[in-house]
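Working notes, beginning with the structure itself.
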Amino acid sequence: MTVIIGLEIHCQLNTATKLFCGCSTDYRDDGPNTHVCPICLGLPGSLPVTNRQAVIYALRVAKALHCEIPEVSEFARKNYFYPDLAKAYQITQYDKPLALGGYIDIEGEDGREKRVELTRIHMEEDPGRLVHMGSGDRGRYTLVDYNRSGIPLIEIVTEPQLSSPKEARRFLNKLRATLEYLGIYDSEREGSLRVDANISIKGYERVEVKNITSYKGVEKALTFEITRQKGMIRRNARIVRETRHYQEARGVTTSARSKEFEHDYRYFPEPDLALMRVSSWVDEIDLPELPDARRDRFMNQYGISLNHARTLTGDLRLAEFFEEIVGDHPDTAAPWTADILLGELNYRDMPISTVPVQEYRQLLDDVRSGRITDTSAVEILRLILNQVLEGSKPETPQEIIARLGLAKETGESFRDIVATVLAENDAAVADHREGKKGAINFLVGQAMKATRGRADPKEIREIIDDLLRE
Amino acid sequence: MEKTFTFDRPDPCNAFIKICKDISYGDGPLSGIPVAIKDNISTAGIETTCGSKILKGYIPPYDAHVVTLLRSAGAAIVGKTNMDEFGMGTTTESSIFGPTKNPVDPTRAPGGSSGGSAAAVASGLVSMALGTDTGGSVRCPASFCGIVGLKPTYGRVSRYGLIAYANSMEQIGPMAANVRDCALLYSVIAGYDPRDGTSIDQPAPCPVTPVIAGKKIGVPAEYFGEGVDPAVAETVTEAIEKLADLGAEIVPCTMPSMKYALAAYYVTSMSEASSNLGRYDGVRYGTPPEMVYPWHEAYSAIRRSGLGEEVRRRILLGSFALSAGYQGKYYAKAQAARQMVRDDFARLFAEVDILAGPTMPTVAFRLGEAADPLSMYLADILTVPANLAGIPAISVPCGKAHNLPVGLQLMGRHFAEDEILSAALAFEEGSL
């Protein structure tokens with residue numbers, strides 16, 4: 001059963017002001033309805049004026065994603081009633097979008113490069129936000145916060161060319177990285193990327209899943225929906241063309257049967273705004289180095305592997321962090337950063353920006369000089385990250401090494417510890433003498449544990465052989 | 001220097017919805033001149049209702065751009081004038097505040113939808129007023145009340161703060177007892193405003209001079225066709241002869257697109273209105289809804305009780321014209337017809353400087369006479385073409401028929417307000 005996925009991605013542009021008025025977009029730390037004016041509140045008589053910066057930001061994306069910019073594009077009204085929609089219509093684009101076509105190259109399911117084509121990119125305004133209050137049937141009520149009303153969005157629509165949740169995730173990772181590199185998007189703003197997905201099994205009806213509000217939820221939502229559809233096909237149940245909502249908390253999609261969601265949007269050209277003729281602006285846009293170019297440069301300049309280069313350039317801040325700490329030693333910096341540091345950060349859900357650069361750089365120096373073992377280095381890294389997470393000033397690697405006695409020592413100083421380990425593990429010693437494979441690894445492991453990782457396992461092995469020979 | 005104007009005259013025609021008694025004003029070209037403002041133009045701190053129940057209690061927190069301009073010109077804003085609800089009418093009878101009477105004959109309607117502004121000027125309560133013209137709403141009451149009213153070129157006057165009925169066609173326009181006052185008010189409100197995305201940055205209007213000699217004036221046969229009261233046609237024909245006496249060259253012409261104009265206008269205006277008026281749900285301002293679950297029941301209830309019959313009719317018709325499966329038949333066709341009107345005007349204005357004809361096909365209706373909506377719509381046939389094409393048009397009194405005022409309509413090229421104002425002034429002075 002072939003899976004077909006198309007995505008619609010809404011991305012908030014990080015302009016200083018809203019799409020059609022002068023209100024600040026930086027509302028997240030402020031009270032409700034504090035970043036509003038007659039325009040974004042839709043007061044009678046107010047008129048929209050298009051934010052030039054938002055158009056330039058959207059064009060930057062269009063250029064980076066290889067889109068065609070039609071000579072004329074147009075805003076349109078999408079009419080529907082909802083309490084978060086102050087004007088009862090959303091200003092968006094309909095049949096004359098800002099950009100057409102374009103593509104993003106990702107690593108496909110088979111490991112080879114895959115080109116995912118885009119249908120279009122258009123601009124629109126975000127609606128406000130509803131906050132549901134109270135509990136029980138009688139006590140429930142809803143408040144409206146219009147701070148978000150009028151925040152500029154771009155909607156990027158892909159062709160139905162993704163074939164798995166994993167590809168969808170890779171596509172979104174690549175898109176997100178590109179948007180960040182372009183400096184038009186801030187991934188740390190909550191709700192700044194939202195995804196709707198069209199999912200079908202080849203030969204069957206397609207289902208639209210809305211309301212995937214975190215980009216991490218996409219893979220889960222898609223996996224759930226594909227499993228559901230495949231299950232229905234196996235049971236010979238009919239898949240109906242419908243809109244479903246993703247329930248983030250439960251990880252499931254549910255049918256949106258309510259009349260509320262059956263709309264005839266009655267699109268028509270926005271009479272309050274003139275046609276946009278911005279195709280010539282594209283020539284004046286200088287693009288920065290984008291993820292693919294940076295990945296190739298990392299491989300050439302630092303001689304690191306494709307996988308490491310891809311990982312390290314897959315996030316703008318990570319790429320910048322890497323270039324800050326790499327120095328003359330990409331051979332240690334790349335695996336440590338891409339494999340170990342990133343794993344530890346993900347485990348703690350910490351952003352790269354929280355890593356103390358001086359301390360991390362010192363740690364890599366200590367690894368490289370042989371002052372500490374890899375095992376100790378990981379322990380030190382974890383301590384430092386935990387300290388950051390707790391909000392305390394992190395210790396330097398030197399301080400931790402001194403405090404915990406983690407400096408790598410020569411094998412001879414571990415001879416007594418190894419002797420004790422051997423004495424406590426008669427059975428394993430006997431197995432080893434009988435030539436059973438694996439016994440020696442167990443003994444080395446036990447000895448490493450006893451030295452708390454300060455020793456070099458190779459040396460421990462030599463001491464064991466030496467002691468058993470006696 | 002701040003001065004205070006006291007306005008305490010009776011308003012027997014019900015021209016005003018709201019009268020401001022003591023008004024402070026400053027210096028400027030309109031210093032101390034009382035000006036009335038139609039109630040669909042936002043005035044900070046003064047209730048603005050569009051004559052609708054649903055906006056009762058709505059006090060705008062901001063001034064429309066034209067109000068800012070009036071204040072800085074020193075005008076004394078004496079109040080808000082009555083109008084057909086949301087501008088949707090030709091009689092000023094559909095206001096929640098009751099009908100306005102025509103000062104010329106109190107048994108007659110003043111026309112609409114800017115009937116309150118026209119009545120305020122015609123009864124001498126103010127010397128000038130602002131109206132708005134979406135399909136003739138300045139020119140019709142000007143014609144019926146015997147005053148001067150100008151609909152400027154689309155984009156000439158900022159719509160910022162004008163509560164929208166049909167955005168793509170409407171303009172705020174000056175109304176006054178004579179052409180010079182109309183031109184003076186126009187000169188204050190005209191100009192580019194970056195807050196209106198459809199405002200056009202064009203040089204300011206020239207001073208108005210009573211010149212008409214040598215101008216070519218086209219007279220479309222359709223403006224004297226079916227539905228035009230012969231007595232009105234006769235009065236206007238005499239007025240056009242007067243223009244010839246004053247040195248203008250009269251050029252008979254035709255405007256074939258006229259037969260589509262009314263349908264194009266109503267489909268377009270109702271479509272836009274159905275979208276514009278969606279925001280009146282009681283959540284943010286105006287009459288609040290009852291707390292009902294679910295939310296869309298509350299919306300339906302407040303809109304059913306807060307919006308009048310004609311407004312609801314236009315919202316429903318407009319929603320239909322835009323809906324899937326019908327948009328191609330109605331809205332899209334209307335836009336094609338609108339283009340034909342534009343093309344006709346472009347063709348005619350390559351040959352003539354001004355087009356002339358009656359403003360309205362009849363004289364003022366009797367109050368309560370306009371029961372059937374379709375016959376009311378037909379009364380707009382001569383005014384809507386200018387709105388569809390975005391050209392300026394003025395109505396200037398040109399005599400009487402059935403002992404009631406008749407308006408001569410002069411239409412000009414885009415941004416040629418000075419030309420039609422000058423022609424109107426020449427006519428006005430020439431007929432003294």
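The way I read the labels, and the way they are meant: chains A, B, ... in the order of the structure tokens, residue 1 as the first residue of every chain, and ligand 1 as the first ligand shown, with later ones counted on from there.
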Quick check for you: according to DSSP on this backbone, which residues of range 135-194 of chain A are classed as alpha helix (DSSP H)? Reply as a list in words.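 The alpha helix (DSSP H) residues within range 135-194 of chain A come out as Gly136, Asp137, Arg138, Gly139, Pro165, Lys166, Glu167, Ala168, Arg169, Arg170, Phe171, Leu172, Asn173, Lys174, Leu175, Arg176, Ala177, Thr178, Leu179, Glu180 and Tyr181 of chain A.
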For range 130-144 of chain B: contacts at 8 Å, only C-alpha atoms, fewer than 6 positions along chain excluded, given as a count of residues only: 46
Select all residues from chain A having any atom no more than 6 Å from an atom of chain B (counting only C-alpha atoms, ignoring ligands), output as a list in words. Pro44, Gly45, Ser46, Leu47, Val49, Lys87, Ala88, Arg266, Pro271 and Leu273 of chain A
Output file for the selection above: N, CA and C atoms, as an mmCIF file, in the first residue's frame:
data_model
loop_
_atom_site.group_PDB
_atom_site.id
_atom_site.type_symbol
_atom_site.label_atom_id
_atom_site.label_comp_id
_atom_site.auth_asym_id
_atom_site.auth_seq_id
_atom_site.Cartn_x
_atom_site.Cartn_y
_atom_site.Cartn_z
ATOM 1 N N PRO A 44 -14.893 48.845 12.567
ATOM 2 C CA PRO A 44 -15.523 49.382 11.367
ATOM 3 C C PRO A 44 -14.704 50.550 10.807
ATOM 4 N N GLY A 45 -14.516 50.543 9.500
ATOM 5 C CA GLY A 45 -13.836 51.652 8.839
ATOM 6 C C GLY A 45 -12.327 51.539 8.748
ATOM 7 N N SER A 46 -11.735 50.603 9.468
ATOM 8 C CA SER A 46 -10.281 50.483 9.392
ATOM 9 C C SER A 46 -9.903 49.790 8.089
ATOM 10 N N LEU A 47 -8.708 50.092 7.606
ATOM 11 C CA LEU A 47 -8.271 49.545 6.317
ATOM 12 C C LEU A 47 -6.881 48.935 6.456
ATOM 13 N N VAL A 49 -3.052 47.986 5.278
ATOM 14 C CA VAL A 49 -1.969 48.460 4.402
ATOM 15 C C VAL A 49 -0.867 47.400 4.469
ATOM 16 N N LYS A 87 -12.719 40.234 11.449
ATOM 17 C CA LYS A 87 -13.448 40.843 10.338
ATOM 18 C C LYS A 87 -14.448 39.876 9.708
ATOM 19 N N ALA A 88 -14.491 38.645 10.188
ATOM 20 C CA ALA A 88 -15.286 37.573 9.575
ATOM 21 C C ALA A 88 -14.749 37.221 8.189
ATOM 22 N N ARG A 266 -16.371 31.604 -0.127
ATOM 23 C CA ARG A 266 -16.768 32.763 -0.935
ATOM 24 C C ARG A 266 -15.571 33.706 -1.193
ATOM 25 N N PRO A 271 -10.971 44.105 -1.979
ATOM 26 C CA PRO A 271 -11.093 45.406 -2.640
ATOM 27 C C PRO A 271 -10.328 46.530 -1.940
ATOM 28 N N LEU A 273 -7.169 46.439 -1.102
ATOM 29 C CA LEU A 273 -5.738 46.422 -1.428
ATOM 30 C C LEU A 273 -5.551 46.359 -2.939
#
From range 164-360 of chain B, collect each residue whose DSSP state is strand (DSSP E) and return the set as an mmCIF file with N, CA and C atoms, in the first residue's frame.
data_model
loop_
_atom_site.group_PDB
_atom_site.id
_atom_site.type_symbol
_atom_site.label_atom_id
_atom_site.label_comp_id
_atom_site.auth_asym_id
_atom_site.auth_seq_id
_atom_site.Cartn_x
_atom_site.Cartn_y
_atom_site.Cartn_z
ATOM 1 N N GLN B 171 -16.831 56.417 -2.255
ATOM 2 C CA GLN B 171 -15.994 57.557 -1.933
ATOM 3 C C GLN B 171 -16.769 58.478 -1.006
ATOM 4 N N ILE B 172 -16.027 59.160 -0.149
ATOM 5 C CA ILE B 172 -16.621 60.219 0.666
ATOM 6 C C ILE B 172 -16.688 61.458 -0.224
ATOM 7 N N GLY B 173 -17.809 62.169 -0.169
ATOM 8 C CA GLY B 173 -17.933 63.337 -1.035
ATOM 9 C C GLY B 173 -18.512 64.542 -0.311
ATOM 10 N N PRO B 174 -18.154 65.749 -0.790
ATOM 11 C CA PRO B 174 -18.658 66.981 -0.179
ATOM 12 C C PRO B 174 -20.061 67.324 -0.687
ATOM 13 N N MET B 175 -20.859 67.882 0.187
ATOM 14 C CA MET B 175 -22.198 68.354 -0.168
ATOM 15 C C MET B 175 -22.336 69.772 0.372
ATOM 16 N N ALA B 176 -22.904 70.677 -0.434
ATOM 17 C CA ALA B 176 -23.011 72.074 0.000
ATOM 18 C C ALA B 176 -24.126 72.755 -0.764
ATOM 19 N N LYS B 216 -15.948 70.134 -24.582
ATOM 20 C CA LYS B 216 -16.851 69.220 -25.285
ATOM 21 C C LYS B 216 -17.650 68.440 -24.265
ATOM 22 N N ILE B 217 -18.960 68.539 -24.368
ATOM 23 C CA ILE B 217 -19.819 67.850 -23.409
ATOM 24 C C ILE B 217 -20.644 66.787 -24.129
ATOM 25 N N GLY B 218 -20.382 65.535 -23.770
ATOM 26 C CA GLY B 218 -21.107 64.421 -24.378
ATOM 27 C C GLY B 218 -22.429 64.197 -23.659
ATOM 28 N N VAL B 219 -23.453 63.890 -24.401
ATOM 29 C CA VAL B 219 -24.763 63.617 -23.803
ATOM 30 C C VAL B 219 -25.210 62.219 -24.249
ATOM 31 N N PRO B 220 -25.048 61.220 -23.388
ATOM 32 C CA PRO B 220 -25.417 59.856 -23.783
ATOM 33 C C PRO B 220 -26.925 59.709 -23.891
ATOM 34 N N GLU B 249 -19.424 72.792 -26.337
ATOM 35 C CA GLU B 249 -19.850 72.094 -27.547
ATOM 36 C C GLU B 249 -20.565 70.816 -27.127
ATOM 37 N N ILE B 250 -21.802 70.650 -27.527
ATOM 38 C CA ILE B 250 -22.599 69.490 -27.111
ATOM 39 C C ILE B 250 -22.452 68.370 -28.145
ATOM 40 N N VAL B 251 -22.093 67.184 -27.665
ATOM 41 C CA VAL B 251 -21.841 66.056 -28.565
ATOM 42 C C VAL B 251 -22.763 64.896 -28.178
ATOM 43 N N PRO B 252 -23.753 64.599 -28.995
ATOM 44 C CA PRO B 252 -24.595 63.439 -28.676
ATOM 45 C C PRO B 252 -23.764 62.156 -28.772
ATOM 46 N N CYS B 253 -24.009 61.217 -27.851
ATOM 47 C CA CYS B 253 -23.230 59.979 -27.876
ATOM 48 C C CYS B 253 -24.072 58.851 -27.283
ATOM 49 N N ILE B 354 -16.485 66.106 -20.785
ATOM 50 C CA ILE B 354 -17.461 65.926 -19.718
ATOM 51 C C ILE B 354 -18.670 65.187 -20.303
ATOM 52 N N LEU B 355 -19.297 64.358 -19.491
ATOM 53 C CA LEU B 355 -20.564 63.744 -19.894
ATOM 54 C C LEU B 355 -21.663 64.351 -19.031
ATOM 55 N N ALA B 356 -22.808 64.642 -19.632
ATOM 56 C CA ALA B 356 -23.887 65.297 -18.889
ATOM 57 C C ALA B 356 -25.202 64.545 -19.064
ATOM 58 N N GLY B 357 -25.999 64.606 -18.015
ATOM 59 C CA GLY B 357 -27.325 63.992 -18.055
ATOM 60 C C GLY B 357 -28.011 64.263 -16.739
ATOM 61 N N PRO B 358 -29.206 63.724 -16.544
ATOM 62 C CA PRO B 358 -29.858 63.892 -15.246
ATOM 63 C C PRO B 358 -29.110 63.093 -14.178
#
Residues near Lys259 in chain B, anyone? I mean within 12 Å using only C-alpha atoms, not counting same-chain ones fewer than 6 positions away, as a list in words. Glu222, Tyr223, Gly225, Glu226, Tyr265, Ala337, Arg338, Met340, Val341, Asp344, Leu378, Ile381, Leu382, Val384 and Pro385 of chain B
What does the structure give for the distance between CA of Met276 in chain A and CA of Leu13 in chain A, in Å to one decimal?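 Straight-line distance from CA of Met276 in chain A to CA of Leu13 in chain A works out to 18.6 Å.
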Counting only C-alpha atoms, closest pick from B:Ala213, B:Ile420, B:Met128, B:Ala334 relative to Ile391 in chain B is B:Ile420
Please identify all polymer residues within 12 Å of Ala62 in chain A, counting only C-alpha atoms, omitting same-chain residues fewer than 6 positions from it, and present them as a ChimeraX atom specification. /A:55-56,68-70,97-104,118-123,154-157,175,178-179,182,184,278-279,281-283,285,287
Requested write-out: N, CA and C atoms of the selected residues, as a tab-separated table (two decimals), in the first residue's frame:
chain	number	residue	atom	x	y	z
A	55	VAL	N	6.33	41.21	2.70
A	55	VAL	CA	6.37	40.78	1.30
A	55	VAL	C	7.81	40.40	0.93
A	56	ILE	N	8.76	41.21	1.37
A	56	ILE	CA	10.17	40.90	1.07
A	56	ILE	C	10.57	39.58	1.72
A	68	GLU	N	8.66	30.45	-8.91
A	68	GLU	CA	8.46	31.46	-9.94
A	68	GLU	C	7.58	32.55	-9.33
A	69	ILE	N	7.92	33.82	-9.57
A	69	ILE	CA	7.11	34.91	-9.02
A	69	ILE	C	6.29	35.53	-10.16
A	70	PRO	N	4.97	35.32	-10.15
A	70	PRO	CA	4.16	35.92	-11.22
A	70	PRO	C	4.22	37.44	-11.15
A	97	PRO	N	-1.51	33.71	-6.25
A	97	PRO	CA	-0.59	33.72	-5.11
A	97	PRO	C	0.73	34.40	-5.44
A	98	LEU	N	1.47	34.68	-4.39
A	98	LEU	CA	2.76	35.38	-4.54
A	98	LEU	C	3.75	34.56	-5.36
A	99	ALA	N	3.78	33.23	-5.13
A	99	ALA	CA	4.82	32.42	-5.77
A	99	ALA	C	4.23	31.09	-6.20
A	100	LEU	N	4.76	30.56	-7.32
A	100	LEU	CA	4.29	29.29	-7.85
A	100	LEU	C	5.48	28.34	-8.00
A	101	GLY	N	5.21	27.06	-7.89
A	101	GLY	CA	6.25	26.05	-8.14
A	101	GLY	C	7.33	26.07	-7.07
A	102	GLY	N	8.56	25.66	-7.47
A	102	GLY	CA	9.65	25.57	-6.53
A	102	GLY	C	9.82	24.16	-6.01
A	103	TYR	N	10.87	23.95	-5.25
A	103	TYR	CA	11.13	22.60	-4.73
A	103	TYR	C	12.09	22.63	-3.56
A	104	ILE	N	12.13	21.50	-2.83
A	104	ILE	CA	13.11	21.30	-1.76
A	104	ILE	C	13.69	19.91	-1.95
A	118	LEU	N	6.97	21.97	-4.93
A	118	LEU	CA	5.99	22.81	-4.25
A	118	LEU	C	4.93	23.25	-5.25
A	119	THR	N	3.71	23.44	-4.75
A	119	THR	CA	2.64	23.93	-5.60
A	119	THR	C	2.68	25.46	-5.63
A	120	ARG	N	2.79	26.05	-4.45
A	120	ARG	CA	2.68	27.50	-4.35
A	120	ARG	C	3.10	27.98	-2.97
A	121	ILE	N	3.35	29.26	-2.88
A	121	ILE	CA	3.51	29.92	-1.58
A	121	ILE	C	2.63	31.16	-1.61
A	122	HIS	N	1.81	31.32	-0.59
A	122	HIS	CA	1.05	32.56	-0.53
A	122	HIS	C	1.13	33.20	0.84
A	123	MET	N	0.73	34.46	0.91
A	123	MET	CA	0.78	35.21	2.16
A	123	MET	C	-0.62	35.31	2.74
A	154	ILE	N	3.23	32.83	5.93
A	154	ILE	CA	3.24	32.30	4.57
A	154	ILE	C	2.71	30.88	4.65
A	155	GLU	N	1.97	30.49	3.63
A	155	GLU	CA	1.54	29.11	3.53
A	155	GLU	C	2.27	28.48	2.36
A	156	ILE	N	3.00	27.40	2.66
A	156	ILE	CA	3.75	26.68	1.64
A	156	ILE	C	3.01	25.38	1.37
A	157	VAL	N	2.64	25.15	0.13
A	157	VAL	CA	1.88	23.95	-0.22
A	157	VAL	C	2.76	23.05	-1.09
A	175	LEU	N	13.00	22.37	5.51
A	175	LEU	CA	12.29	23.63	5.32
A	175	LEU	C	12.57	24.58	6.49
A	178	THR	N	15.97	26.01	6.32
A	178	THR	CA	16.07	27.03	5.26
A	178	THR	C	15.43	28.34	5.73
A	179	LEU	N	14.27	28.24	6.36
A	179	LEU	CA	13.58	29.45	6.83
A	179	LEU	C	14.43	30.18	7.86
A	182	LEU	N	17.33	31.96	6.33
A	182	LEU	CA	16.88	33.17	5.63
A	182	LEU	C	16.61	34.31	6.60
A	184	ILE	N	14.02	34.80	8.50
A	184	ILE	CA	12.65	35.34	8.42
A	184	ILE	C	11.72	34.63	9.39
A	278	VAL	N	5.34	42.66	-7.67
A	278	VAL	CA	6.59	42.61	-6.89
A	278	VAL	C	7.62	41.68	-7.51
A	279	SER	N	7.35	41.16	-8.72
A	279	SER	CA	8.29	40.18	-9.28
A	279	SER	C	9.68	40.79	-9.46
A	281	TRP	N	11.14	42.80	-7.50
A	281	TRP	CA	11.84	42.94	-6.22
A	281	TRP	C	12.81	41.79	-6.00
A	282	VAL	N	12.49	40.65	-6.62
A	282	VAL	CA	13.26	39.44	-6.36
A	282	VAL	C	14.73	39.63	-6.73
A	283	ASP	N	14.98	40.39	-7.81
A	283	ASP	CA	16.36	40.57	-8.25
A	283	ASP	C	17.21	41.26	-7.18
A	285	ILE	N	17.00	40.80	-4.03
A	285	ILE	CA	17.16	40.00	-2.81
A	285	ILE	C	18.44	39.19	-2.89
A	287	LEU	N	20.46	36.24	-1.28
A	287	LEU	CA	20.24	35.12	-0.36
A	287	LEU	C	21.51	34.82	0.42
Residue among A:Asp186, A:Glu395, A:Glu344, A:Asp416 lying closest to Ile460 in chain A, counting only C-alpha atoms: A:Asp416
May I have the residues within 8 Å of Val232 in chain B as a list in words, using only C-alpha atoms and disregarding those fewer than 3 positions away in the same chain?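 The residues that qualify are Val228, Asp229, Thr235, Val236, Pro358, Pro361, Thr362, Val363, Lys400, Ala401 and Val406 of chain B.
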